[in-house]
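Below is the file final.txt, which contains compact mmCIF, C-alpha atoms and all ligand atoms.
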# COMPACT_ATOMS: atom_id res chain seq x y z
CA MET A 1 12.00 -5.49 9.49
CA SER A 2 11.54 -6.22 5.75
CA SER A 3 10.09 -9.18 3.99
CA GLU A 4 12.37 -10.94 1.55
CA ILE A 5 10.08 -10.01 -1.33
CA GLU A 6 11.92 -7.96 -3.93
CA ILE A 7 10.63 -4.52 -4.75
CA ARG A 8 10.16 -5.38 -8.42
CA THR A 9 8.03 -8.36 -7.36
CA MET A 10 5.92 -6.13 -5.13
CA LEU A 11 5.26 -3.81 -8.07
CA ASP A 12 4.34 -6.75 -10.28
CA ALA A 13 1.87 -7.96 -7.66
CA ALA A 14 0.33 -4.49 -7.33
CA GLN A 15 -0.08 -4.31 -11.08
CA LYS A 16 -1.55 -7.79 -11.38
CA PHE A 17 -3.93 -7.73 -8.39
CA GLY A 18 -4.47 -4.01 -7.87
CA THR A 19 -4.24 -2.11 -4.59
CA PRO A 20 -4.71 -2.12 -1.66
CA LEU A 21 -3.16 -5.57 -1.39
CA PHE A 22 -1.54 -7.82 1.20
CA LEU A 23 1.39 -9.77 -0.23
CA TYR A 24 3.12 -12.56 1.71
CA SER A 25 6.20 -14.71 1.22
CA SER A 26 5.78 -18.40 2.04
CA ASP A 27 9.57 -18.80 2.20
CA THR A 28 9.82 -16.23 4.98
CA ILE A 29 7.09 -17.98 6.97
CA LYS A 30 8.85 -21.35 6.58
CA THR A 31 12.22 -19.86 7.55
CA LYS A 32 10.74 -18.31 10.68
CA ALA A 33 8.95 -21.55 11.55
CA ARG A 34 12.16 -23.55 11.24
CA THR A 35 14.15 -20.98 13.23
CA LEU A 36 11.65 -21.31 16.07
CA LYS A 37 11.48 -25.11 15.97
CA ASN A 38 15.23 -25.60 15.69
CA ALA A 39 15.88 -23.45 18.74
CA PHE A 40 14.18 -26.07 20.92
CA ASN A 41 15.63 -29.50 21.39
CA TYR A 42 13.50 -30.45 24.38
CA HIS A 43 11.13 -33.42 23.99
CA PRO A 44 8.16 -33.57 23.99
CA PHE A 45 7.70 -30.16 22.37
CA LEU A 46 4.85 -28.66 20.36
CA PRO A 47 5.05 -25.21 18.78
CA LEU A 48 1.73 -23.50 18.12
CA TYR A 49 0.87 -20.79 15.66
CA ALA A 50 -1.24 -18.07 17.32
CA CYS A 51 -3.46 -17.64 14.30
CA LYS A 52 -5.00 -14.37 15.50
CA ALA A 53 -1.92 -12.86 13.81
CA ASN A 54 -3.21 -13.98 10.43
CA PHE A 55 -5.93 -16.59 10.10
CA ASN A 56 -5.86 -17.11 6.37
CA PRO A 57 -6.27 -20.92 6.07
CA HIS A 58 -3.42 -21.13 3.56
CA ILE A 59 -1.05 -19.57 6.06
CA ILE A 60 -2.31 -21.91 8.78
CA ARG A 61 -1.73 -24.80 6.35
CA ILE A 62 1.91 -23.75 5.74
CA LEU A 63 2.57 -23.71 9.47
CA SER A 64 0.69 -26.91 10.10
CA ASN A 65 2.82 -28.60 7.41
CA GLU A 66 5.84 -27.31 9.35
CA GLY A 67 4.63 -29.20 12.43
CA PHE A 68 2.77 -26.40 14.23
CA GLY A 69 -0.50 -26.76 16.10
CA VAL A 70 -2.82 -23.78 16.48
CA ASP A 71 -3.55 -21.40 19.31
CA ALA A 72 -7.06 -20.13 18.58
CA THR A 73 -8.95 -17.29 20.23
CA SER A 74 -12.48 -18.31 19.33
CA PRO A 75 -14.55 -21.13 17.87
CA GLY A 76 -14.31 -19.21 14.57
CA GLU A 77 -10.52 -19.37 14.48
CA SER A 78 -10.65 -23.01 15.62
CA GLN A 79 -13.03 -23.80 12.74
CA VAL A 80 -10.72 -22.12 10.26
CA ALA A 81 -7.85 -24.22 11.65
CA LEU A 82 -9.94 -27.40 11.27
CA TYR A 83 -10.79 -26.31 7.73
CA ALA A 84 -7.05 -25.84 7.07
CA GLY A 85 -6.53 -29.49 8.07
CA VAL A 86 -5.29 -29.10 11.64
CA SER A 87 -6.54 -31.95 13.85
CA SER A 88 -8.63 -31.05 16.90
CA GLN A 89 -5.86 -32.63 19.02
CA ASN A 90 -3.58 -29.81 17.91
CA ILE A 91 -6.00 -26.92 18.46
CA PHE A 92 -5.88 -25.04 21.75
CA LEU A 93 -8.66 -22.55 22.43
CA THR A 94 -7.52 -19.67 24.62
CA GLY A 95 -10.42 -17.27 24.52
CA SER A 96 -11.34 -14.28 26.57
CA ASN A 97 -14.67 -14.63 28.41
CA LEU A 98 -15.69 -17.72 26.48
CA SER A 99 -19.49 -17.95 26.47
CA TYR A 100 -21.68 -20.96 27.23
CA ASP A 101 -22.04 -21.51 23.48
CA ASP A 102 -18.27 -21.22 22.93
CA LEU A 103 -17.62 -23.84 25.62
CA ASN A 104 -20.32 -26.10 24.25
CA TRP A 105 -18.81 -25.87 20.77
CA ALA A 106 -15.28 -26.53 22.04
CA LEU A 107 -16.30 -29.61 24.03
CA LYS A 108 -18.09 -31.06 21.02
CA ALA A 109 -15.18 -30.27 18.71
CA ASN A 110 -12.77 -31.86 21.20
CA VAL A 111 -10.27 -28.99 21.17
CA THR A 112 -8.30 -28.10 24.29
CA ILE A 113 -10.09 -25.44 26.34
CA ASN A 114 -7.96 -22.98 28.28
CA LEU A 115 -10.07 -21.54 31.11
CA ASP A 116 -9.19 -18.04 32.23
CA SER A 117 -11.34 -17.16 35.22
CA LEU A 118 -12.90 -18.73 38.29
CA SER A 119 -16.34 -18.00 36.90
CA GLN A 120 -15.48 -19.77 33.67
CA ILE A 121 -14.42 -22.92 35.52
CA GLU A 122 -17.68 -22.71 37.46
CA THR A 123 -19.71 -22.26 34.24
CA LEU A 124 -18.04 -25.24 32.65
CA GLY A 125 -18.37 -27.46 35.72
CA ALA A 126 -21.96 -26.51 36.50
CA ASN A 127 -23.28 -26.80 32.94
CA PHE A 128 -21.23 -29.45 31.22
CA LYS A 129 -20.47 -32.08 33.90
CA ASP A 130 -21.99 -34.79 31.77
CA SER A 131 -19.96 -33.96 28.66
CA ILE A 132 -16.64 -34.02 30.50
CA THR A 133 -14.71 -37.27 30.44
CA PRO A 134 -11.19 -38.07 31.67
CA SER A 135 -9.96 -37.45 28.11
CA THR A 136 -11.37 -33.90 27.93
CA ARG A 137 -8.45 -31.53 27.62
CA LEU A 138 -8.78 -28.59 30.00
CA TRP A 139 -6.10 -26.04 30.81
CA LEU A 140 -5.91 -23.10 33.17
CA ARG A 141 -4.50 -19.76 32.08
CA TYR A 142 -2.21 -18.41 34.78
CA ASN A 143 -1.62 -14.71 35.43
CA PRO A 144 1.63 -14.40 37.41
CA ASP A 145 0.57 -10.94 38.67
CA PHE A 146 3.03 -9.18 36.40
CA GLY A 147 2.99 -8.64 32.68
CA ALA A 148 5.37 -7.38 30.04
CA GLY A 149 4.91 -6.07 26.53
CA GLY A 150 6.07 -3.55 23.97
CA PHE A 151 3.44 -1.17 25.38
CA ASP A 152 0.46 -1.25 27.74
CA LYS A 153 -2.15 -2.21 25.18
CA ILE A 154 -0.43 -5.49 24.36
CA THR A 155 0.53 -6.43 27.92
CA THR A 156 -1.65 -9.38 28.88
CA ALA A 157 -1.00 -10.12 32.55
CA GLY A 158 -0.65 -8.18 35.81
CA PRO A 159 -2.78 -7.37 38.85
CA GLU A 160 -5.43 -5.46 36.87
CA SER A 161 -5.30 -7.48 33.68
CA LYS A 162 -8.44 -9.05 32.22
CA PHE A 163 -6.46 -12.16 31.29
CA GLY A 164 -5.88 -15.32 33.25
CA ILE A 165 -6.28 -16.44 36.84
CA ARG A 166 -4.17 -14.45 39.27
CA ASP A 167 -1.67 -16.22 41.47
CA GLU A 168 -3.67 -15.46 44.59
CA GLU A 169 -6.82 -17.02 43.08
CA PHE A 170 -5.14 -20.06 41.60
CA GLY A 171 -5.69 -22.27 44.67
CA GLU A 172 -9.39 -21.43 44.53
CA ALA A 173 -9.43 -22.27 40.81
CA LEU A 174 -8.12 -25.72 41.64
CA ASN A 175 -10.78 -26.17 44.32
CA ILE A 176 -13.54 -25.40 41.83
CA ALA A 177 -12.01 -27.77 39.28
CA LYS A 178 -11.87 -30.47 41.95
CA LYS A 179 -15.48 -29.86 43.00
CA TYR A 180 -16.60 -30.69 39.45
CA ASN A 181 -13.99 -33.37 38.78
CA LEU A 182 -12.47 -31.38 35.92
CA PRO A 183 -9.26 -32.92 34.63
CA ILE A 184 -6.68 -30.10 34.43
CA LYS A 185 -4.18 -31.33 31.84
CA GLY A 186 -2.23 -28.18 31.20
CA LEU A 187 -1.17 -24.79 32.51
CA HIS A 188 -0.63 -21.76 30.33
CA THR A 189 0.67 -18.24 30.61
CA HIS A 190 1.06 -15.46 28.05
CA ILE A 191 2.17 -12.19 29.60
CA GLY A 192 2.38 -9.91 26.58
CA SER A 193 3.58 -9.22 23.05
CA MET A 194 6.50 -7.48 21.35
CA LEU A 195 9.07 -8.72 23.87
CA PHE A 196 12.79 -8.46 23.22
CA ASP A 197 13.79 -9.70 26.65
CA ASP A 198 13.12 -13.28 27.70
CA SER A 199 13.49 -12.74 31.45
CA PRO A 200 9.86 -11.84 32.25
CA ILE A 201 8.61 -14.93 30.40
CA ILE A 202 11.12 -17.12 32.22
CA ALA A 203 10.03 -15.60 35.56
CA ALA A 204 6.36 -16.25 34.73
CA PHE A 205 7.15 -19.80 33.62
CA GLU A 206 9.00 -20.50 36.85
CA LYS A 207 5.92 -19.50 38.85
CA LEU A 208 3.76 -21.61 36.55
CA LEU A 209 5.94 -24.66 37.20
CA ASN A 210 5.51 -24.21 40.94
CA TRP A 211 1.79 -24.74 40.37
CA ALA A 212 2.39 -27.61 37.94
CA GLU A 213 4.30 -29.39 40.70
CA ARG A 214 1.20 -29.32 42.88
CA ILE A 215 -1.21 -30.59 40.18
CA ASN A 216 -0.51 -34.22 39.33
CA THR A 217 -2.83 -34.28 36.33
CA VAL A 218 -0.83 -31.61 34.48
CA GLU A 219 0.96 -33.06 31.47
CA GLU A 220 1.70 -29.95 29.40
CA VAL A 221 2.80 -26.38 30.04
CA ASP A 222 2.59 -23.46 27.63
CA ALA A 223 4.98 -20.50 27.97
CA GLY A 224 2.93 -18.32 25.58
CA GLY A 225 4.19 -16.24 22.69
CA GLY A 226 5.16 -12.60 22.48
CA ILE A 227 8.49 -12.65 20.67
CA GLY A 228 8.98 -9.16 19.23
CA VAL A 229 9.93 -8.15 15.70
CA SER A 230 11.46 -4.89 14.47
CA TYR A 231 9.04 -2.55 12.71
CA ASP A 232 10.63 0.79 11.79
CA GLU A 233 13.54 0.66 14.19
CA LYS A 234 16.10 -2.02 14.80
CA HIS A 235 15.63 -3.74 18.17
CA GLU A 236 18.04 -6.10 19.79
CA GLU A 237 16.92 -9.55 18.73
CA PHE A 238 14.94 -11.67 21.17
CA PRO A 239 17.45 -14.25 22.54
CA LEU A 240 15.54 -17.21 21.16
CA ASN A 241 18.21 -19.88 21.68
CA ARG A 242 18.91 -18.81 25.24
CA PHE A 243 15.16 -18.70 25.95
CA ALA A 244 14.64 -22.19 24.54
CA LYS A 245 17.54 -23.52 26.56
CA TRP A 246 16.21 -21.96 29.75
CA LEU A 247 12.79 -23.51 29.32
CA SER A 248 14.32 -26.93 28.59
CA THR A 249 16.61 -26.74 31.61
CA MET A 250 13.73 -25.81 33.87
CA LEU A 251 11.65 -28.70 32.57
CA ASP A 252 14.55 -31.14 32.87
CA SER A 253 14.97 -30.16 36.54
CA PHE A 254 11.21 -30.47 36.99
CA ALA A 255 11.36 -34.00 35.56
CA THR A 256 14.23 -35.00 37.83
CA LYS A 257 12.45 -33.63 40.87
CA THR A 258 8.93 -34.91 40.18
CA LYS A 259 9.52 -37.86 37.82
CA ARG A 260 7.09 -36.15 35.43
CA ARG A 261 8.29 -35.07 31.98
CA LEU A 262 5.93 -32.32 30.85
CA LYS A 263 5.24 -31.43 27.23
CA LEU A 264 6.53 -27.94 26.41
CA ILE A 265 4.35 -25.72 24.25
CA VAL A 266 4.96 -22.20 22.95
CA GLU A 267 2.52 -20.14 20.88
CA CYS A 268 3.91 -17.44 18.64
CA GLY A 269 2.06 -15.28 16.15
CA ARG A 270 3.93 -12.14 15.16
CA PHE A 271 7.37 -13.79 15.09
CA LEU A 272 6.20 -16.29 12.47
CA VAL A 273 4.33 -14.09 10.02
CA ALA A 274 4.93 -10.35 10.56
CA ASP A 275 8.11 -10.15 8.48
CA ALA A 276 6.55 -12.26 5.74
CA GLY A 277 4.05 -9.61 4.67
CA VAL A 278 3.91 -6.24 2.96
CA PHE A 279 0.88 -4.05 2.50
CA LEU A 280 0.75 -2.25 -0.83
CA CYS A 281 -1.36 0.79 -1.56
CA LYS A 282 -1.52 3.54 -4.16
CA VAL A 283 -1.01 7.28 -3.88
CA THR A 284 -4.27 8.96 -4.91
CA ALA A 285 -3.75 12.54 -3.73
CA VAL A 286 -1.00 14.84 -2.49
CA LYS A 287 -1.91 17.84 -0.36
CA LYS A 288 0.12 20.50 1.42
CA THR A 289 -0.75 22.01 4.79
CA LYS A 290 1.26 24.88 6.35
CA ARG A 291 3.48 22.41 8.13
CA ARG A 292 3.63 19.27 6.05
CA THR A 293 2.88 17.29 2.94
CA LEU A 294 0.05 14.78 3.19
CA VAL A 295 0.18 11.78 0.90
CA GLY A 296 -3.32 10.37 0.40
CA THR A 297 -3.80 6.71 -0.46
CA ASP A 298 -6.46 4.28 -1.63
CA THR A 299 -6.68 2.60 1.79
CA GLY A 300 -7.00 3.58 5.43
CA PHE A 301 -7.14 2.37 9.00
CA SER A 302 -10.02 0.10 8.02
CA HIS A 303 -7.42 -2.11 6.31
CA PHE A 304 -4.30 -1.19 8.22
CA ILE A 305 -5.23 -0.29 11.76
CA ARG A 306 -2.04 -0.75 13.77
CA PRO A 307 -0.80 2.85 13.34
CA ALA A 308 -4.15 4.32 14.47
CA LEU A 309 -4.75 1.75 17.21
CA TYR A 310 -1.30 1.50 18.74
CA ASN A 311 0.71 4.36 17.22
CA ALA A 312 2.61 1.54 15.54
CA ARG A 313 5.18 2.57 12.95
CA HIS A 314 5.61 0.35 9.91
CA ARG A 315 8.52 1.21 7.62
CA ALA A 316 7.13 2.78 4.43
CA GLN A 317 8.78 2.97 1.02
CA ASN A 318 7.74 4.52 -2.26
CA ILE A 319 8.61 1.48 -4.33
CA SER A 320 7.56 3.05 -7.64
CA ALA A 321 10.07 5.87 -7.13
CA ILE A 322 12.77 3.41 -6.09
CA CYS A 323 12.20 1.28 -9.18
CA SER A 324 12.16 4.20 -11.56
CA GLY A 325 15.26 5.74 -10.00
CA ARG A 326 13.60 8.93 -8.66
CA THR A 327 15.75 9.92 -5.73
CA GLU A 328 14.30 13.20 -4.40
CA GLU A 329 13.02 12.73 -0.85
CA ILE A 330 10.43 14.62 1.17
CA LEU A 331 9.18 14.62 4.74
CA CYS A 332 5.50 13.72 4.74
CA SER A 333 2.68 11.91 6.45
CA ILE A 334 0.84 9.11 4.68
CA VAL A 335 -2.91 9.31 5.27
CA GLY A 336 -5.87 7.11 4.42
CA ASN A 337 -9.29 7.45 2.82
CA ILE A 338 -11.34 7.03 6.02
CA CYS A 339 -13.43 9.89 7.40
CA GLU A 340 -11.57 10.31 10.69
CA SER A 341 -8.52 12.34 11.63
CA THR A 342 -6.91 9.36 13.28
CA ASP A 343 -6.54 7.83 9.83
CA VAL A 344 -2.79 8.37 9.56
CA LEU A 345 -0.81 5.39 8.28
CA ALA A 346 2.64 6.89 8.86
CA SER A 347 3.49 10.22 10.49
CA ASP A 348 6.45 12.33 9.53
CA VAL A 349 8.34 9.88 7.41
CA ILE A 350 10.97 10.46 4.76
CA LEU A 351 9.71 9.13 1.45
CA ARG A 352 10.92 9.38 -2.11
CA LYS A 353 8.74 12.17 -3.48
CA PRO A 354 5.36 10.62 -4.27
CA GLU A 355 3.45 11.14 -7.47
CA ILE A 356 -0.15 10.15 -8.08
CA GLY A 357 -0.26 6.44 -8.93
CA ASP A 358 2.93 5.52 -7.05
CA ILE A 359 2.84 2.34 -4.98
CA ILE A 360 3.71 2.60 -1.30
CA ALA A 361 4.86 -0.53 0.55
CA PHE A 362 4.36 -0.87 4.29
CA HIS A 363 6.65 -3.53 5.66
CA THR A 364 6.21 -6.07 8.47
CA ALA A 365 2.52 -6.32 7.62
CA GLY A 366 2.01 -10.10 7.85
CA ALA A 367 0.71 -10.07 11.44
CA TYR A 368 -2.26 -8.28 12.99
CA CYS A 369 -2.96 -6.37 9.79
CA PHE A 370 -5.37 -8.28 7.56
CA SER A 371 -6.74 -10.10 10.60
CA MET A 372 -7.73 -6.77 12.15
CA ALA A 373 -9.11 -5.24 8.94
CA SER A 374 -12.73 -4.16 8.56
CA THR A 375 -15.00 -2.74 5.88
CA TYR A 376 -15.58 0.55 7.74
CA ASN A 377 -16.67 3.34 5.41
CA GLY A 378 -17.79 0.72 2.90
CA ARG A 379 -14.27 -0.10 1.79
CA PRO A 380 -14.24 -3.83 0.93
CA LEU A 381 -11.38 -5.92 2.29
CA PRO A 382 -8.15 -6.07 0.26
CA PRO A 383 -7.10 -9.35 -1.33
CA GLU A 384 -4.31 -11.53 0.05
CA VAL A 385 -1.70 -12.98 -2.26
CA ILE A 386 1.16 -15.31 -1.39
CA LEU A 387 4.41 -15.75 -3.26
CA GLU A 388 5.33 -19.44 -3.44
CA ASN A 389 8.04 -20.80 -5.74
CA ASN A 390 8.23 -17.45 -7.53
CA SER A 391 4.53 -17.54 -8.43
CA PHE A 392 1.72 -15.47 -7.05
CA HIS A 393 -1.27 -17.28 -5.56
CA LEU A 394 -4.44 -15.42 -4.67
CA ILE A 395 -5.36 -16.72 -1.20
CA ARG A 396 -8.27 -14.36 -0.57
CA GLN A 397 -10.23 -12.45 -3.16
CA ARG A 398 -10.74 -8.72 -2.98
CA GLY A 399 -14.04 -7.90 -1.28
CA ASP A 400 -16.75 -6.30 -3.38
CA PHE A 401 -20.20 -4.79 -3.04
CA ASN A 402 -21.70 -8.22 -2.33
CA SER A 403 -19.29 -8.68 0.57
CA LEU A 404 -20.62 -5.43 2.05
CA ILE A 405 -24.19 -6.71 2.12
CA ALA A 406 -23.46 -10.39 2.81
CA GLY A 407 -25.96 -11.78 5.31
CA VAL A 408 -28.43 -8.93 4.84
CA PRO A 409 -31.90 -10.22 3.85
CA PRO A 410 -33.48 -8.66 0.75
CA LEU A 411 -34.99 -5.24 1.56
CA GLU A 412 -38.44 -6.25 0.26
CA LYS A 413 -38.70 -8.93 2.96
CA ILE A 414 -38.88 -6.30 5.70
CA PHE A 415 -39.48 -2.85 4.23
CA SER A 416 -41.37 -3.27 0.98
C1 LIG B 501 -2.94 -15.90 24.51
C2 LIG B 501 -2.04 -15.41 23.43
N1 LIG B 501 -1.12 -16.27 22.94
C3 LIG B 501 -0.28 -15.90 21.95
C4 LIG B 501 -0.33 -14.63 21.40
C5 LIG B 501 0.61 -14.30 20.30
O1 LIG B 501 1.40 -13.23 20.60
P1 LIG B 501 2.53 -12.82 19.58
O2 LIG B 501 1.89 -12.57 18.27
O3 LIG B 501 3.09 -11.58 20.17
O4 LIG B 501 3.51 -13.95 19.53
C6 LIG B 501 -1.26 -13.70 21.89
C7 LIG B 501 -1.35 -12.35 21.33
O5 LIG B 501 -2.16 -11.54 21.66
C8 LIG B 501 -2.15 -14.11 22.93
O6 LIG B 501 -3.07 -13.28 23.41
Before we go any further, please render this structure as structure tokens.
Ligand SMILES: Cc1ncc(COP(=O)(O)O)c(C=O)c1O
Amino acid sequence: MSSEIEIRTMLDAAQKFGTPLFLYSSDTIKTKARTLKNAFNYHPFLPLYACKANFNPHIIRILSNEGFGVDATSPGESQVALYAGVSSQNIFLTGSNLSYDDLNWALKANVTINLDSLSQIETLGANFKDSITPSTRLWLRYNPDFGAGGFDKITTAGPESKFGIRDEEFGEALNIAKKYNLPIKGLHTHIGSMLFDDSPIIAAFEKLLNWAERINTVEEVDAGGGIGVSYDEKHEEFPLNRFAKWLSTMLDSFATKTKRRLKLIVECGRFLVADAGVFLCKVTAVKKTKRRTLVGTDTGFSHFIRPALYNARHRAQNISAICSGRTEEILCSIVGNICESTDVLASDVILRKPEIGDIIAFHTAGAYCFSMASTYNGRPLPPEVILENNSFHLIRQRGDFNSLIAGVPPLEKIFS
């Protein structure tokens, strides 16, 4: 629920780098990475970092040094992973509706391509026959016809889901792959995010293995990610050790039955980085309505969209008040500087009474925060800083005016 960064350190960072600011702890990322890896003692095993959670190359580098490959959503994320030093062998591209150009890029870059619809298999087979060799790494994304997730918007399987190939279409998927001689090396499923119960993933994995049994070319199986973390309320912890043991046992039985020992892959994002980050912003206005106090800040949903997008609740603290020993508390809502009413960063929270200039910390902000940020309303992106060996390292500069017009040709070239 909280990063291990001390409040005094957060204040120092805010003073040194200004606000709004994303601050991460490399120790927390490494601890989470080791917790995940150590839970599994099945071989062969490869953990992946789902870098959509936070694709800063320095963060990818930390996880790659910990032995993680990368689950990428797009050629862009794959390129960032390559830039961070991850080998193409360890990059797995699971995109949604990958285009002709995406597929072309992925084949040339020699990353694993995870196909998620019949039409995509057809597109690949029909257009790229000549580029596909027996060593091309192709996977199929399986939708077990049920999903699970903290809430609907992050549930990624089920009869109406846009993700994966449904059980009833899977046989047809294999026929198309066969028609084009496509070597299917792996099967994958990811049924949703923010899970605290392992049973739906186990159930999906069991169905996936039934298909793996029928496809002799399959060498690796990916159980997805989705392990939940606590934001503003304490959840029961995801039973990681039990989960790991279940997957291993299932694969051991598979090996005994089929004489094929499959490589186990998992791909977590939030679990690895969410707790490692805090988002720091400054109080710039305080306003009273009839019903409540509104605390205005120097940021908004452009930088911190999870509350507006998902009604997510990140624990908020007035760290300036805590540090200076001010104890009076008020009920308030923290709002942003964006021109829309949905720009509420925390509704009805108890906060030490804010004064103009105070620094507010939003916890659990290492995942799906910076990576979802935009420059809407002309607010440049915040910087990212990581704490490593008690020193701050700037790992992304604050955006500026130039970043708002990057890529725009000079006005005189078109409208003189
Ligand atoms: C295909 C896929 N894999 C992995 C993940 C990572 O999920 P989480 O961050 O919940 O572990 C996601 C998240 O959307 C995903 O879509």
Quick one: of A:Phe301, A:Tyr49, A:Phe92, A:Tyr42, who's nearest to Val344 of chain A, counting all atoms listed in the file?
A:Phe301
Produce a table with one row for each residue of chain A that has an atom at most 7 Å from any atom of ligand LIG 501 (chain B), each row naming the nearest atom pair and its distance in Å at one decimal; use all atoms listed in the file; arrange rows by chain and rising residue number; format as JSON lines.
{"residue": "A:Ala50", "atom": "CA", "partner": "B:LIG501", "partner_atom": "C5", "distance": 5.1}
{"residue": "A:Ala53", "atom": "CA", "partner": "B:LIG501", "partner_atom": "O2", "distance": 5.9}
{"residue": "A:Asp71", "atom": "CA", "partner": "B:LIG501", "partner_atom": "N1", "distance": 6.7}
{"residue": "A:Thr94", "atom": "CA", "partner": "B:LIG501", "partner_atom": "C1", "distance": 5.9}
{"residue": "A:Ile154", "atom": "CA", "partner": "B:LIG501", "partner_atom": "O5", "distance": 6.8}
{"residue": "A:Thr156", "atom": "CA", "partner": "B:LIG501", "partner_atom": "O6", "distance": 6.9}
{"residue": "A:His190", "atom": "CA", "partner": "B:LIG501", "partner_atom": "C1", "distance": 5.4}
{"residue": "A:Gly192", "atom": "CA", "partner": "B:LIG501", "partner_atom": "O3", "distance": 6.7}
{"residue": "A:Ser193", "atom": "CA", "partner": "B:LIG501", "partner_atom": "O3", "distance": 3.8}
{"residue": "A:Met194", "atom": "CA", "partner": "B:LIG501", "partner_atom": "O3", "distance": 5.5}
{"residue": "A:Gly224", "atom": "CA", "partner": "B:LIG501", "partner_atom": "N1", "distance": 5.3}
{"residue": "A:Gly225", "atom": "CA", "partner": "B:LIG501", "partner_atom": "O4", "distance": 4.0}
{"residue": "A:Gly226", "atom": "CA", "partner": "B:LIG501", "partner_atom": "O3", "distance": 3.3}
{"residue": "A:Ile227", "atom": "CA", "partner": "B:LIG501", "partner_atom": "O4", "distance": 5.3}
{"residue": "A:Gly228", "atom": "CA", "partner": "B:LIG501", "partner_atom": "O3", "distance": 6.4}
{"residue": "A:Glu267", "atom": "CA", "partner": "B:LIG501", "partner_atom": "C3", "distance": 5.2}
{"residue": "A:Cys268", "atom": "CA", "partner": "B:LIG501", "partner_atom": "O4", "distance": 3.6}
{"residue": "A:Gly269", "atom": "CA", "partner": "B:LIG501", "partner_atom": "O2", "distance": 3.4}
{"residue": "A:Arg270", "atom": "CA", "partner": "B:LIG501", "partner_atom": "O2", "distance": 3.7}
{"residue": "A:Phe271", "atom": "CA", "partner": "B:LIG501", "partner_atom": "O4", "distance": 5.9}
Spatial neighbours of segment 77-84 of chain A, 10 Å, all atoms listed in the file, chain gap at least 2 places, as a PyMOL selection string
chain A and resi 50-52+54-62+64+69-75+86-88+90-93+106+109+111
Fewer than 4 positions away in the same chain doesn't count, so skip those; otherwise give me all residues within 10 Å of Pro239 of chain A, counting all atoms listed in the file, as a list in words.
Phe196, Asp197, Asp198, Ser199, Ile227, Phe243 and Ala244 of chain A
Compile the contact shell of Lys263 of chain A as a PyMOL selection string: residues with an atom at most 9 Å away, counting only C-alpha atoms, same-chain residues fewer than 5 positions apart removed.
chain A and resi 42-46+219-222+251
Near Lys30 of chain A, counting all atoms listed in the file, which residues have an atom at most 8 Å away, once you skip same-chain residues fewer than 2 positions from it, shown as a count of residues only?
9
d(atom CA of Thr112 of chain A, atom CA of Lys259 of chain A) in Å:
24.4 Å
Find the residues of segment 136-192 of chain A that sit at most 8 Å from segment 113-125 of chain A; for each, write down the nearest two atoms and how far apart they are in Å, to one decimal. Count all atoms listed in the file. Sort by chain, then by number going up, and give it as CSV.
residue,atom,partner,partner_atom,distance
A:Arg137,CA,A:Ile113,CA,6.4
A:Leu138,CA,A:Ile113,CA,5.0
A:Trp139,CA,A:Asn114,CA,4.4
A:Leu140,CA,A:Leu115,CA,4.9
A:Arg141,CA,A:Asp116,CA,5.0
A:Tyr142,CA,A:Asp116,CA,7.4
A:Phe163,CA,A:Asp116,CA,6.6
A:Gly164,CA,A:Asp116,CA,4.4
A:Ile165,CA,A:Ser117,CA,5.4
A:Glu169,CA,A:Leu118,CA,7.9
A:Glu172,CA,A:Leu118,CA,7.7
A:Ala173,CA,A:Leu118,CA,5.6
A:Ile176,CA,A:Glu122,CA,6.6
A:Ala177,CA,A:Ile121,CA,6.6
A:Tyr180,CA,A:Gly125,CA,5.2
A:Asn181,CA,A:Gly125,CA,8.0
A:Leu182,CA,A:Gly125,CA,7.1
A:His188,CA,A:Asn114,CA,7.7
Requested write-out: C-alpha atoms of the selected residues, as a JSON list (two decimals), in the frame of the given file:
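again.json was written with the following content:
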[["chain", "number", "residue", "atom", "x", "y", "z"],
["A", 137, "ARG", "CA", -8.45, -31.53, 27.62],
["A", 138, "LEU", "CA", -8.78, -28.59, 30.00],
["A", 139, "TRP", "CA", -6.10, -26.04, 30.81],
["A", 140, "LEU", "CA", -5.91, -23.10, 33.17],
["A", 141, "ARG", "CA", -4.50, -19.76, 32.08],
["A", 142, "TYR", "CA", -2.21, -18.41, 34.78],
["A", 163, "PHE", "CA", -6.46, -12.16, 31.29],
["A", 164, "GLY", "CA", -5.88, -15.32, 33.25],
["A", 165, "ILE", "CA", -6.28, -16.44, 36.84],
["A", 169, "GLU", "CA", -6.82, -17.02, 43.08],
["A", 172, "GLU", "CA", -9.39, -21.43, 44.53],
["A", 173, "ALA", "CA", -9.43, -22.27, 40.81],
["A", 176, "ILE", "CA", -13.54, -25.40, 41.83],
["A", 177, "ALA", "CA", -12.01, -27.77, 39.28],
["A", 180, "TYR", "CA", -16.60, -30.69, 39.45],
["A", 181, "ASN", "CA", -13.99, -33.37, 38.78],
["A", 182, "LEU", "CA", -12.47, -31.38, 35.92],
["A", 188, "HIS", "CA", -0.63, -21.76, 30.33]]
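You will find atom CA of Pro354 of chain A at 20.2 Å from atom CA of Pro307 of chain A.
Once Thr342 of chain A and its same-chain neighbours fewer than 4 positions away are set aside, Gly300, Phe301, Ile305, Pro307, Ala308, Leu309, Asn311, Val335, Gly336 and Ile338 of chain A remain within 10 Å of it when counting all atoms listed in the file.
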Output the selection as a CSV table (one decimal), in the frame of the given file - C-alpha atoms for each residue.
chain,number,residue,atom,x,y,z
A,300,GLY,CA,-7.0,3.6,5.4
A,301,PHE,CA,-7.1,2.4,9.0
A,305,ILE,CA,-5.2,-0.3,11.8
A,307,PRO,CA,-0.8,2.8,13.3
A,308,ALA,CA,-4.2,4.3,14.5
A,309,LEU,CA,-4.8,1.8,17.2
A,311,ASN,CA,0.7,4.4,17.2
A,335,VAL,CA,-2.9,9.3,5.3
A,336,GLY,CA,-5.9,7.1,4.4
A,338,ILE,CA,-11.3,7.0,6.0
